[in-house]
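Engineer: My questions all concern the structure below.
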Amino acid sequence: MKKKIGITGQKGFVGSHLYNTLGLYPDQYERIGFHRDCFENPEKLDDFVKQCDVIVHLAAVNRHESQEFIYETNVNLAQKLADSLERTGSKAHVLFSSSSQEERDNLYGKSKKEGREILAGAAAKNGGAFTGLIIPNVFGPFGAPNYNSFIATFCHKLTHSEQPVIEVDGEVKLIYVGDLVEEILTKIGQGTTEQEFVVPFRTSAKVSEVLEKLENYKNLYFENGEIPVLETAFDYQLFNTFRSYFDIKVH
């Protein structure tokens, strides 16, 4: 029996990768289309929720000049989805993408923690399963520069005649978007409640180390067409990510 899966934020960075991957398994999954305006129309949102066996809640604001806007928007989106679950009596398995920033003293992390608690409560009330995913820094092809990750920003700048600037050279825990999608599919398959699942990071690296690798890819491949030596899975993933930022001219 095919699982009907809906993704809020399906056109975003992680959402689009997850949506496309689900499409590779048409015998296992049916994708229920989601449009952002569903959040502004309770009837549309209820119609979406009613169709889903699984809802992956990815819709959120990651960055904005106003921290209050981030907080209010993210909590509001979670509450609207929770209200819809209650109105429809949905027993869907809800997966919520939270962040390793939950424990930091910022409003983005606070909004993620509160959103997770709101949806966990709604799922429990309706008898549905809930998975709270605590996700490290995600990178991969087609992430939005200055929004999704510092790697997206660095890749875009290096392929567009700009020089990246390191603001804080900290150690960052990273996961490739393809690996994150696999983790989500595993949790969908298990279908059990897990309030806080800390998604394991795959690589830990200093920001300066990542930039050094990317600058090497620029010098060798972008400027001279030479394939760099790729020794680890992270090297392959980073190179694959870097290549996605080229502006390909169509003749």
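How things are named: the first chain in the structure tokens is A, the next is B, and so on; residues count from 1 in each chain; ligands count from 1 in the order shown.
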What's the 9 Å shell around Tyr245 of chain A, counting only C-alpha atoms, without same-chain residues fewer than 5 positions away, as a ChimeraX atom specification?
Structural biologist: /A:141-142,152,155-156,158-160
Engineer: Counting only C-alpha atoms, what is within 10 Å of Ile32 of chain A, bar same-chain residues fewer than 6 positions away, as a ChimeraX atom specification?
Structural biologist: /A:3-8,19,48-49,51-55
Engineer: Quick one: write out the picked residues with all heavy atoms as a compact mmCIF listing (two decimals), in the first residue's frame?
Structural biologist:
```txt
# COMPACT_ATOMS: atom_id res chain seq x y z
N LYS A 3 2.22 4.94 0.58
CA LYS A 3 2.04 5.98 1.58
C LYS A 3 1.86 7.32 0.88
O LYS A 3 2.63 7.66 -0.02
CB LYS A 3 3.25 6.05 2.51
CG LYS A 3 3.28 4.93 3.53
CD LYS A 3 4.34 5.17 4.58
CE LYS A 3 4.25 4.08 5.65
NZ LYS A 3 5.30 4.19 6.65
N LYS A 4 0.84 8.05 1.31
CA LYS A 4 0.59 9.37 0.75
C LYS A 4 1.33 10.40 1.59
O LYS A 4 1.02 10.57 2.77
CB LYS A 4 -0.91 9.66 0.72
CG LYS A 4 -1.68 8.72 -0.19
CD LYS A 4 -3.16 9.02 -0.17
CE LYS A 4 -3.91 8.08 -1.13
NZ LYS A 4 -5.36 8.35 -1.14
N ILE A 5 2.30 11.07 0.96
CA ILE A 5 3.20 11.96 1.70
C ILE A 5 3.08 13.39 1.19
O ILE A 5 3.18 13.65 -0.01
CB ILE A 5 4.66 11.48 1.57
CG1 ILE A 5 4.77 10.05 2.12
CG2 ILE A 5 5.61 12.42 2.32
CD1 ILE A 5 6.14 9.44 2.00
N GLY A 6 2.87 14.30 2.13
CA GLY A 6 2.83 15.73 1.82
C GLY A 6 3.99 16.43 2.50
O GLY A 6 4.40 16.07 3.60
N ILE A 7 4.53 17.43 1.82
CA ILE A 7 5.68 18.18 2.34
C ILE A 7 5.34 19.66 2.36
O ILE A 7 5.16 20.26 1.30
CB ILE A 7 6.94 17.97 1.46
CG1 ILE A 7 7.24 16.48 1.26
CG2 ILE A 7 8.14 18.69 2.05
CD1 ILE A 7 8.19 16.21 0.09
N THR A 8 5.24 20.25 3.54
CA THR A 8 5.11 21.71 3.57
C THR A 8 6.50 22.27 3.26
O THR A 8 7.50 21.76 3.77
CB THR A 8 4.62 22.21 4.94
OG1 THR A 8 5.68 22.07 5.90
CG2 THR A 8 3.38 21.48 5.41
N TYR A 19 11.12 15.78 -2.17
CA TYR A 19 10.03 15.59 -3.14
C TYR A 19 10.51 14.82 -4.37
O TYR A 19 9.86 13.88 -4.83
CB TYR A 19 9.48 16.96 -3.55
CG TYR A 19 8.25 16.91 -4.43
CD1 TYR A 19 6.99 16.75 -3.88
CD2 TYR A 19 8.36 17.03 -5.81
CE1 TYR A 19 5.84 16.70 -4.68
CE2 TYR A 19 7.24 16.98 -6.63
CZ TYR A 19 5.99 16.82 -6.06
OH TYR A 19 4.86 16.77 -6.85
N PHE A 48 -5.50 19.36 2.22
CA PHE A 48 -4.16 18.78 2.11
C PHE A 48 -3.93 17.75 3.21
O PHE A 48 -3.52 16.61 2.95
CB PHE A 48 -3.12 19.90 2.20
CG PHE A 48 -1.71 19.44 2.43
CD1 PHE A 48 -0.95 18.88 1.41
CD2 PHE A 48 -1.12 19.57 3.69
CE1 PHE A 48 0.35 18.45 1.64
CE2 PHE A 48 0.18 19.15 3.93
CZ PHE A 48 0.92 18.59 2.90
N VAL A 49 -4.21 18.14 4.44
CA VAL A 49 -3.97 17.27 5.60
C VAL A 49 -4.79 15.98 5.50
O VAL A 49 -4.28 14.89 5.78
CB VAL A 49 -4.28 18.03 6.91
CG1 VAL A 49 -4.34 17.07 8.10
CG2 VAL A 49 -3.23 19.10 7.17
N GLN A 51 -5.61 14.28 3.02
CA GLN A 51 -5.10 13.34 2.01
C GLN A 51 -3.84 12.61 2.45
O GLN A 51 -3.45 11.62 1.83
CB GLN A 51 -4.79 14.09 0.71
CG GLN A 51 -5.98 14.71 0.02
CD GLN A 51 -5.54 15.43 -1.25
OE1 GLN A 51 -5.13 14.80 -2.22
NE2 GLN A 51 -5.59 16.76 -1.22
N CYS A 52 -3.19 13.09 3.51
CA CYS A 52 -1.84 12.62 3.85
C CYS A 52 -1.81 11.52 4.90
O CYS A 52 -2.46 11.62 5.95
CB CYS A 52 -0.99 13.78 4.35
SG CYS A 52 -0.68 15.06 3.12
N ASP A 53 -1.00 10.49 4.64
CA ASP A 53 -0.64 9.51 5.67
C ASP A 53 0.56 10.02 6.46
O ASP A 53 0.75 9.66 7.63
CB ASP A 53 -0.25 8.17 5.04
CG ASP A 53 -1.38 7.57 4.20
OD1 ASP A 53 -2.53 7.60 4.67
OD2 ASP A 53 -1.10 7.10 3.09
N VAL A 54 1.38 10.81 5.78
CA VAL A 54 2.60 11.36 6.37
C VAL A 54 2.70 12.83 5.98
O VAL A 54 2.47 13.18 4.81
CB VAL A 54 3.87 10.62 5.86
CG1 VAL A 54 5.14 11.24 6.42
CG2 VAL A 54 3.80 9.13 6.19
N ILE A 55 3.03 13.69 6.95
CA ILE A 55 3.26 15.11 6.65
C ILE A 55 4.65 15.47 7.16
O ILE A 55 4.96 15.31 8.35
CB ILE A 55 2.22 16.01 7.33
CG1 ILE A 55 0.81 15.70 6.82
CG2 ILE A 55 2.55 17.49 7.09
CD1 ILE A 55 -0.30 16.36 7.60
```
Engineer: Which residues come within 10 Å of Leu214 of chain A, counting only C-alpha atoms, excluding same-chain residues fewer than 4 positions away, as a PyMOL selection string?
Structural biologist: chain A and resi 151+154-155+158+208-210+218-220+235+238-239+241-242
Engineer: Go ahead and save the picked residues with N, CA and C atoms, as an mmCIF file, in the first residue's frame.
Structural biologist:
```cif
data_model
loop_
_atom_site.group_PDB
_atom_site.id
_atom_site.type_symbol
_atom_site.label_atom_id
_atom_site.label_comp_id
_atom_site.auth_asym_id
_atom_site.auth_seq_id
_atom_site.Cartn_x
_atom_site.Cartn_y
_atom_site.Cartn_z
ATOM 1 N N ILE A 151 27.986 27.215 3.099
ATOM 2 C CA ILE A 151 28.583 26.533 1.941
ATOM 3 C C ILE A 151 27.935 27.022 0.652
ATOM 4 N N PHE A 154 29.428 30.461 -0.008
ATOM 5 C CA PHE A 154 30.810 30.367 -0.489
ATOM 6 C C PHE A 154 30.844 29.905 -1.951
ATOM 7 N N CYS A 155 30.063 28.864 -2.272
ATOM 8 C CA CYS A 155 30.052 28.323 -3.641
ATOM 9 C C CYS A 155 29.589 29.374 -4.640
ATOM 10 N N LEU A 158 32.352 32.152 -5.064
ATOM 11 C CA LEU A 158 33.542 31.691 -5.783
ATOM 12 C C LEU A 158 33.284 31.485 -7.273
ATOM 13 N N SER A 208 37.060 27.471 7.744
ATOM 14 C CA SER A 208 38.243 27.759 6.919
ATOM 15 C C SER A 208 38.693 26.531 6.119
ATOM 16 N N GLU A 209 38.527 25.333 6.683
ATOM 17 C CA GLU A 209 38.889 24.102 5.963
ATOM 18 C C GLU A 209 37.966 23.883 4.765
ATOM 19 N N VAL A 210 36.683 24.159 4.971
ATOM 20 C CA VAL A 210 35.724 24.025 3.874
ATOM 21 C C VAL A 210 36.058 25.017 2.766
ATOM 22 N N LYS A 218 37.820 25.647 -7.198
ATOM 23 C CA LYS A 218 37.719 26.786 -8.129
ATOM 24 C C LYS A 218 38.964 26.857 -9.015
ATOM 25 N N ASN A 219 40.135 26.768 -8.388
ATOM 26 C CA ASN A 219 41.397 26.900 -9.134
ATOM 27 C C ASN A 219 41.583 25.760 -10.132
ATOM 28 N N LEU A 220 41.304 24.541 -9.679
ATOM 29 C CA LEU A 220 41.550 23.383 -10.542
ATOM 30 C C LEU A 220 40.456 23.194 -11.589
ATOM 31 N N ASP A 235 34.294 15.028 0.345
ATOM 32 C CA ASP A 235 34.907 15.697 -0.811
ATOM 33 C C ASP A 235 33.994 15.602 -2.034
ATOM 34 N N LEU A 238 30.905 17.811 -1.473
ATOM 35 C CA LEU A 238 31.235 19.230 -1.546
ATOM 36 C C LEU A 238 31.496 19.653 -2.992
ATOM 37 N N PHE A 239 32.194 18.804 -3.736
ATOM 38 C CA PHE A 239 32.476 19.099 -5.147
ATOM 39 C C PHE A 239 31.182 19.113 -5.963
ATOM 40 N N THR A 241 28.262 19.795 -4.834
ATOM 41 C CA THR A 241 27.567 21.021 -4.440
ATOM 42 C C THR A 241 28.153 22.224 -5.174
ATOM 43 N N PHE A 242 29.472 22.327 -5.190
ATOM 44 C CA PHE A 242 30.168 23.441 -5.841
ATOM 45 C C PHE A 242 29.778 23.560 -7.318
#
```
Engineer: Fewer than 3 positions away in the same chain doesn't count, so skip those; otherwise give me all residues within 7 Å of segment 120-134 of chain A, counting only C-alpha atoms, as a ChimeraX atom specification.
Structural biologist: /A:82,85-86,89-100,116-117,191-199
